[in-house]
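The structure appears below as structure tokens.
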Amino acid sequence: MKILKYIIIFLLTILFLEVFLRILKPTALQYYWVQRQIHSFDPDYFVDLEPNQKVNIKHFLGIFNINFTTNERGYRATREVNNSFPQIICIGDSITMGFGVNDEDTFCNKLDLYKDSKENIYQSINLAVDAYGPSAIALKLKKHLPNLNPKLLYYFPSTGDDVDEISFHEKKQNPSLQRAFKIQFLLTKYSYLFLALKVTQEQMQFRFMEAFVYPFIRAKNLYLCMTAQKPKDECPISSWKEILNDLYSDFFRPPVKNPNAYPNFPASECEEPQEEFVAPESAYKAIQEIIDLSKELNLKLVMILLPIDIETAYCSQKGKIHRYYGYLKTMKKFLDKQKIDYIDMNLPQYTLQMVDETGQLNPRPYYIIGDGHYTRLGNDWVFKTLIQKTKEVLP
Amino acid sequence: MLFNTLHYFIFLTVLLPIFFLSNEKKQRRILFVFSLYFYSCLKIVFVPILFLSFAATFVSAIKMKEATTQIRKKLWLLHTLFVNLGLLFLFKYADFFRSIEFDVRNLLGLPHLDFEPIGFVLPLGISFYTFQAVAYAIDVYRGNLNPERSFFNFTLFLLFFPQLVAGPIMRAHILMPQLQCQKKFDWTNFQQGIPIMMLGFFKKTIVADPISSVIQPIFANPSEYDWFSCALASSLFSIQIYGDFSGYSDIAIGTGKILGFNITQNFDRPFFSKSASETWRRWHMSLSTWLRDYVYITLGGNRVSRLRNYFNLFTTMAIGGLWHGANWTFIIWGFINAGFVCLEKFLEEEGYAKYFEKIPYVIKILYAFSTFTLSVTFFRAESVSKAIIQLKNIFFLSSGNFNLEVISISIWFPVFLLFTYEALVELKKWDKFANSSWMDYVQPAFFITLFILCVMIYTVISSPQFYYFQF
């Protein structure tokens, strides 16, 4: 009887939690829940967008509040696919999908209804989905391009592709991992409780680090700074006088920070790594497949190499190279060898266009704070280059 | 460290076994070290200020006891008042009074420089520990209390972490004897303490915090919204502030209970009061009684003329308002409450109470809640003018945008749960309800649900960093 009682209590708890969470809709969890609802599981490339979704994604810290719409085929768009139009395809990860901006503000959407000199109107098709690496992209293109009317393909490889690629192949090669991912994905998509447990468990780790590990790291850094074992520009405090000043400043309210202030990274941020970046073999293989596919479909392929983080853009503006650029630098060599048309927007000629409202060089307003995706301004910046290239390719 | 953090959970988990496995002397040392750590986690720079207040009060109390003349005794009392209220004035009110001086000079056309606030950060808990220290000193001055001779014991009384940051403002004669005896782990205390803490987390995390973001835009721009949104925003703020304040107190009381301490009750279901006066007897009781004992009675209380009594009430309520924050909005809040309390007192003295008796209970509750809501509109408003706009919108049934979020079920469902529970307790039907056979199953499940929800919501919501969802 006692065991039965515990079982009933357990089941009731699960039920209460699911019901309460659905009613309470805690802001932070709602943010993840909505994102889960717009994604679906795909047996080939694991994650895709759910068709016919129209949701509002509100960041839990109020950083953005956007609309996110998918059409009948599960592409981010407010309009249905119309194959009577020639099409410009965009593919990449969350940056290309336009995470953090409204449907109408993504650079891909801005290409929609592009008109060439012969008055042909093009429809832009955004096939991008967050966390896609080259292999997932190759598979998605193989599946979707034959059902479209593509004339130009923009592929936006990303710095994080190597990690996504490894994770993708781990799942591909390990059926049990694939099954676990599918179960986890579906449970967190259909049960608020499972999603909440997953997010909480991850956040708990961070909270623990924040309370008990980071203070020691900060103390260690302070020691290294005080004993001059760290470069000066990496040390906000390096003497007793500065410690006292810092303590004294604690008595006063800090001045209101300008969220768009110029980033203040230490010089070491822009030190180029000595060793060349080695991309996973599968990434080259997948890109080769994309090249072959574009040739097969008689489709112009242009790769756009974006600075996907503010650090890369910052270093580029200073004429230097950030370590995050390693993957794209390696990829460039491959593209040169393959004679593939590409634009490297990490080069200063592009990043120097990143100016703030006062006209000063500043990449900050181009990236969503604490998130890293492009803001509306960042999307506009990409679009300027895209439209020029489009005019060149589809005159 | 704040109560609604993972840090606090771990802090408590570490403290409990160490505390209960130690002897009496060690228990005090452990409490001292943990309380100091608890406070230092907030901002270490304010620890010396804490000790300055403690040291001044400790010395003054002993000197008051040893004083041979009344004048010396009074001087030592003034010394402790000067240090404690001086610290409070400096950190909390300096900019406010400087801005008043600036406005007066401006009004009179006197020469003045541009007003630049000092911008002090308010040391956390300063309003509580200074009032607690002042109460101790006055009690010693009045001869109601013998001064503590051990600075360690005295410091521990003020530093005791459950009540340090947000009260209840504990009196020395209640807390000090409790700190002197060995505490043993008591399963009954634990069983009682955990639900009180849970209720506190529920009030704070699930009831109060979500309301905050919903009403923020309305209080920021009341002129843009219609009367209904404004009225609901004001009502929701009453609930939010109750959830927030009483939630913290419940966590403090629950923590104290687990450790074997009885911490003073701070809220007694104030929204079930039948009058404004009763609301103030059931709201933030440790502050209300502090004001009654050390301000109202000092001014003469009700043993004076009727007019003087009203003056005493207004002064006490205004001080109560100012204690909450350095702004005219808080003073007006205090005056409005004093106005209602005086009005009720006047009607009672004039013999109208018998008519009031006949009014149905629900109407009386609604009246008391409305008076509270009216006053807290000033409490929450960014400025007096914005509060007036909001109240004008409500009373003149103004049109404007309707904010859908103020009627969302996600906000009102936890409010409904909380007040249903409180209604059952108020009507003394909770025990019968809780002892029904089906509650053997529902009650534990409900508590576990609340516990998990609170942990989930505050670990996730309070996340300062963006978390990129990995597939």
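Following the order of the structure tokens, first chain is A, next is B, and so on, with residues numbered from 1 inside each chain and ligands from 1 in the order they appear.
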- [ ] Identify, on the basis of only C-alpha atoms, every residue whose closest approach to stretch 335-347 of chain B does not exceed 9 Å; exclude the query and any residue fewer than 3 positions from it along the same chain; express the result as a list in words.
- [x] Ser275, Ala276, Ser277, Glu278, Trp280, Arg306, Asn309, Tyr310, Leu313, Phe314, Thr315, Thr316, Met317, Ala318, Gly321, Phe330, Ile331, Ile332, Glu350, Gly351, Tyr352, Ala353, Thr371, Phe372, Leu374 and Ser375 of chain B
TODO: Identify all chain A residues at most 8 Å from chain B by counting only C-alpha atoms; ligands do not count. Present them as a PyMOL selection string.
DONE: chain A and resi 5+8-10+12-14+16-17+21+23-29+32+47+60-61+131+185+196-197+199-200+203-204+207-208+211+247-248+250-253+370-371
Open item on the list: Show me, as a list in words, the residues that have an atom within 8 Å of stretch 253-259 of chain B when counting only C-alpha atoms, minus same-chain residues fewer than 4 positions from it.
Closed with: Leu16, Pro162, Lys183, Phe185, Asp186, Asn189, Phe190, Gln192, Gly193, Ile194, Pro195, Ile196, Met197, Ser249, Ile263, Thr264 and Gln265 of chain B
Open item on the list: Given only C-alpha atoms as the basis, pick out the residue of A:Gln35, A:Gln30, A:Thr78, A:Thr96 nearest to A:Thr375.
Closed with: A:Thr96
Open item on the list: I'd like the neighbourhood of A:Trp33 as a ChimeraX atom specification, where a residue qualifies if any of its atoms comes within 8 Å (using only C-alpha atoms), though same-chain residues fewer than 3 positions away should be ignored.
Closed with: /A:29-30,36-37,189,192,195
Got time to write the residues from that selection, C-alpha atoms, as a PDB file, in the first residue's frame?
ATOM      1  CA  LEU A  29      11.023  28.431 -20.271  1.00  0.00           C
ATOM      2  CA  GLN A  30       8.484  29.836 -22.667  1.00  0.00           C
ATOM      3  CA  ARG A  36      10.922  23.756 -29.618  1.00  0.00           C
ATOM      4  CA  GLN A  37       7.491  24.158 -31.216  1.00  0.00           C
ATOM      5  CA  LYS A 189       8.886  19.180 -27.742  1.00  0.00           C
ATOM      6  CA  TYR A 192       6.815  21.177 -20.974  1.00  0.00           C
ATOM      7  CA  LEU A 195      11.921  20.708 -21.486  1.00  0.00           C
TER       8      LEU A 195
END
- [ ] Find the distance between atom CA of B:Ser288 and atom CA of B:Phe378 and write it in Å to one decimal.
- [x] 19.2 Å
- [ ] Please measure the separation of atom CA of A:Glu289 and atom CA of A:Leu328, giving the value in Å to one decimal.
- [x]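 It comes out at 18.0 Å.
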Task: Residue neighbourhood stretch 114-126 of chain A, 7 Å, only C-alpha atoms, exclusion window fewer than 5 positions, as a PyMOL selection string - done: chain A and resi 75-76+85-91+97+108-109+394-395
- [ ] Pick out the closest residue to B:Phe396 from this set: B:Cys230, B:Asn106, B:Phe433, B:Phe272. Count only C-alpha atoms.
- [x]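 Nearest candidate to B:Phe396 out of B:Cys230, B:Asn106, B:Phe433, B:Phe272: B:Cys230.
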TODO: In Å, rounded to a single decimal, give me how far atom CA of B:Met285 is from atom CA of B:Thr155.
DONE: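 Result for atom CA of B:Thr155 versus atom CA of B:Met285: 23.5 Å, one decimal.
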Open item on the list: Give me the residues near A:Val81 as a PyMOL selection string, where near means some atom within 8 Å (using only C-alpha atoms) and where sequence neighbours in that chain fewer than 4 positions away do not count.
Closed with: chain A and resi 71-73+125
Go ahead and dump the residues you just picked, N, CA and C atoms, as a PDB file, in the first residue's frame.
ATOM      1  N   ASN A  71       6.705  28.732 -43.657  1.00  0.00           N
ATOM      2  CA  ASN A  71       5.662  28.496 -44.667  1.00  0.00           C
ATOM      3  C   ASN A  71       5.270  27.021 -44.720  1.00  0.00           C
ATOM      4  N   GLU A  72       4.512  26.672 -45.737  1.00  0.00           N
ATOM      5  CA  GLU A  72       3.956  25.315 -45.804  1.00  0.00           C
ATOM      6  C   GLU A  72       5.029  24.238 -45.952  1.00  0.00           C
ATOM      7  N   ARG A  73       6.252  24.631 -46.361  1.00  0.00           N
ATOM      8  CA  ARG A  73       7.306  23.621 -46.487  1.00  0.00           C
ATOM      9  C   ARG A  73       8.283  23.646 -45.311  1.00  0.00           C
ATOM     10  N   ILE A 125      14.474  31.977 -50.986  1.00  0.00           N
ATOM     11  CA  ILE A 125      14.063  30.808 -50.194  1.00  0.00           C
ATOM     12  C   ILE A 125      15.111  30.585 -49.107  1.00  0.00           C
TER      13      ILE A 125
END
- [ ] Could you please write out, as number ranges by chain, every residue of stretch 271-374 of chain A that DSSP assigns to alpha helix (DSSP H)?
- [x] A: 281-296, 310-317, 326-338, 348-351
Could you write those residues out with N, CA and C atoms, as a short mmCIF file (atom, residue, chain, number, x, y, z; two decimals), in the first residue's frame?
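Written out: selection-v9.cif:
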data_model
loop_
_atom_site.label_atom_id
_atom_site.label_comp_id
_atom_site.auth_asym_id
_atom_site.auth_seq_id
_atom_site.Cartn_x
_atom_site.Cartn_y
_atom_site.Cartn_z
N GLU A 281 37.26 16.16 -41.92
CA GLU A 281 37.24 15.70 -43.31
C GLU A 281 35.82 15.72 -43.89
N SER A 282 34.88 15.37 -43.02
CA SER A 282 33.49 15.29 -43.49
C SER A 282 32.97 16.65 -43.98
N ALA A 283 33.53 17.71 -43.43
CA ALA A 283 33.10 19.05 -43.85
C ALA A 283 33.49 19.29 -45.30
N TYR A 284 34.74 18.93 -45.63
CA TYR A 284 35.18 19.09 -47.04
C TYR A 284 34.34 18.23 -47.97
N LYS A 285 34.08 17.01 -47.50
CA LYS A 285 33.32 16.06 -48.32
C LYS A 285 31.91 16.62 -48.60
N ALA A 286 31.32 17.17 -47.53
CA ALA A 286 29.96 17.70 -47.67
C ALA A 286 29.95 18.91 -48.61
N ILE A 287 30.96 19.76 -48.46
CA ILE A 287 30.99 20.96 -49.32
C ILE A 287 31.21 20.54 -50.78
N GLN A 288 32.04 19.49 -50.96
CA GLN A 288 32.23 18.97 -52.32
C GLN A 288 30.90 18.47 -52.89
N GLU A 289 30.11 17.85 -52.05
CA GLU A 289 28.79 17.36 -52.50
C GLU A 289 27.88 18.53 -52.89
N ILE A 290 27.97 19.60 -52.12
CA ILE A 290 27.15 20.78 -52.43
C ILE A 290 27.60 21.37 -53.77
N ILE A 291 28.92 21.40 -53.98
CA ILE A 291 29.46 21.92 -55.25
C ILE A 291 28.96 21.05 -56.42
N ASP A 292 29.06 19.75 -56.23
CA ASP A 292 28.62 18.82 -57.28
C ASP A 292 27.12 18.98 -57.57
N LEU A 293 26.36 19.12 -56.49
CA LEU A 293 24.91 19.25 -56.65
C LEU A 293 24.57 20.53 -57.42
N SER A 294 25.27 21.59 -57.09
CA SER A 294 24.98 22.87 -57.77
C SER A 294 25.32 22.76 -59.26
N LYS A 295 26.39 22.02 -59.55
CA LYS A 295 26.76 21.83 -60.96
C LYS A 295 25.70 20.98 -61.67
N GLU A 296 25.29 19.97 -60.97
CA GLU A 296 24.29 19.06 -61.53
C GLU A 296 22.98 19.79 -61.84
N ILE A 310 31.35 39.03 -32.74
CA ILE A 310 31.85 40.41 -32.65
C ILE A 310 33.38 40.45 -32.54
N GLU A 311 33.97 39.43 -31.92
CA GLU A 311 35.42 39.41 -31.75
C GLU A 311 36.11 39.37 -33.11
N THR A 312 35.57 38.55 -34.02
CA THR A 312 36.19 38.42 -35.34
C THR A 312 36.10 39.75 -36.08
N ALA A 313 34.91 40.38 -36.00
CA ALA A 313 34.73 41.66 -36.69
C ALA A 313 35.64 42.73 -36.08
N TYR A 314 35.76 42.71 -34.76
CA TYR A 314 36.59 43.68 -34.03
C TYR A 314 38.05 43.57 -34.49
N CYS A 315 38.56 42.32 -34.51
CA CYS A 315 39.95 42.11 -34.90
C CYS A 315 40.15 42.49 -36.36
N SER A 316 39.18 42.14 -37.18
CA SER A 316 39.29 42.46 -38.61
C SER A 316 39.38 43.98 -38.81
N GLN A 317 38.58 44.71 -38.05
CA GLN A 317 38.62 46.18 -38.16
C GLN A 317 40.00 46.72 -37.80
N GLY A 326 39.79 30.80 -37.91
CA GLY A 326 40.58 29.66 -38.39
C GLY A 326 39.84 28.75 -39.35
N TYR A 327 38.61 28.39 -39.01
CA TYR A 327 37.84 27.44 -39.83
C TYR A 327 37.61 28.03 -41.21
N LEU A 328 37.19 29.30 -41.24
CA LEU A 328 36.87 29.92 -42.53
C LEU A 328 38.14 30.12 -43.37
N LYS A 329 39.24 30.39 -42.68
CA LYS A 329 40.51 30.58 -43.39
C LYS A 329 40.92 29.27 -44.09
N THR A 330 40.75 28.18 -43.35
CA THR A 330 41.07 26.86 -43.91
C THR A 330 40.13 26.56 -45.10
N MET A 331 38.86 26.91 -44.89
CA MET A 331 37.85 26.66 -45.91
C MET A 331 38.15 27.46 -47.19
N LYS A 332 38.67 28.66 -46.99
CA LYS A 332 38.98 29.52 -48.15
C LYS A 332 39.99 28.84 -49.09
N LYS A 333 40.97 28.20 -48.49
CA LYS A 333 41.99 27.52 -49.29
C LYS A 333 41.34 26.44 -50.15
N PHE A 334 40.42 25.75 -49.53
CA PHE A 334 39.70 24.67 -50.22
C PHE A 334 38.87 25.25 -51.38
N LEU A 335 38.21 26.37 -51.11
CA LEU A 335 37.35 26.99 -52.12
C LEU A 335 38.19 27.55 -53.27
N ASP A 336 39.37 28.07 -52.94
CA ASP A 336 40.29 28.58 -53.97
C ASP A 336 40.69 27.43 -54.90
N LYS A 337 40.99 26.29 -54.27
CA LYS A 337 41.40 25.12 -55.02
C LYS A 337 40.27 24.63 -55.94
N GLN A 338 39.09 24.71 -55.43
CA GLN A 338 37.92 24.24 -56.18
C GLN A 338 37.36 25.30 -57.14
N PRO A 348 38.79 43.37 -43.85
CA PRO A 348 38.53 44.74 -43.38
C PRO A 348 37.69 45.57 -44.36
N GLN A 349 37.81 45.30 -45.66
CA GLN A 349 37.03 46.11 -46.62
C GLN A 349 35.51 46.01 -46.34
N TYR A 350 35.11 44.92 -45.71
CA TYR A 350 33.70 44.76 -45.33
C TYR A 350 33.46 45.21 -43.88
N THR A 351 34.31 44.72 -42.98
CA THR A 351 34.07 45.03 -41.56
C THR A 351 34.24 46.52 -41.26
#
Skipping near chain neighbours, those fewer than 5 positions away, what residues fall within 8 Å of B:Leu199 using only C-alpha atoms, listed as a short mmCIF file (atom, residue, chain, number, x, y, z; two decimals) with C-alpha atoms, in the first residue's frame?
data_model
loop_
_atom_site.label_atom_id
_atom_site.label_comp_id
_atom_site.auth_asym_id
_atom_site.auth_seq_id
_atom_site.Cartn_x
_atom_site.Cartn_y
_atom_site.Cartn_z
CA GLY B 247 7.65 35.57 0.64
CA ASP B 250 8.35 33.21 5.08
CA ILE B 251 11.70 31.95 3.80
#
- [ ] Pick out each residue of stretch 61-134 of chain A that DSSP on the backbone tags as strand (DSSP E); I need them as a PyMOL selection string.
- [x] chain A and resi 65-69+87-91+114-115+121-126
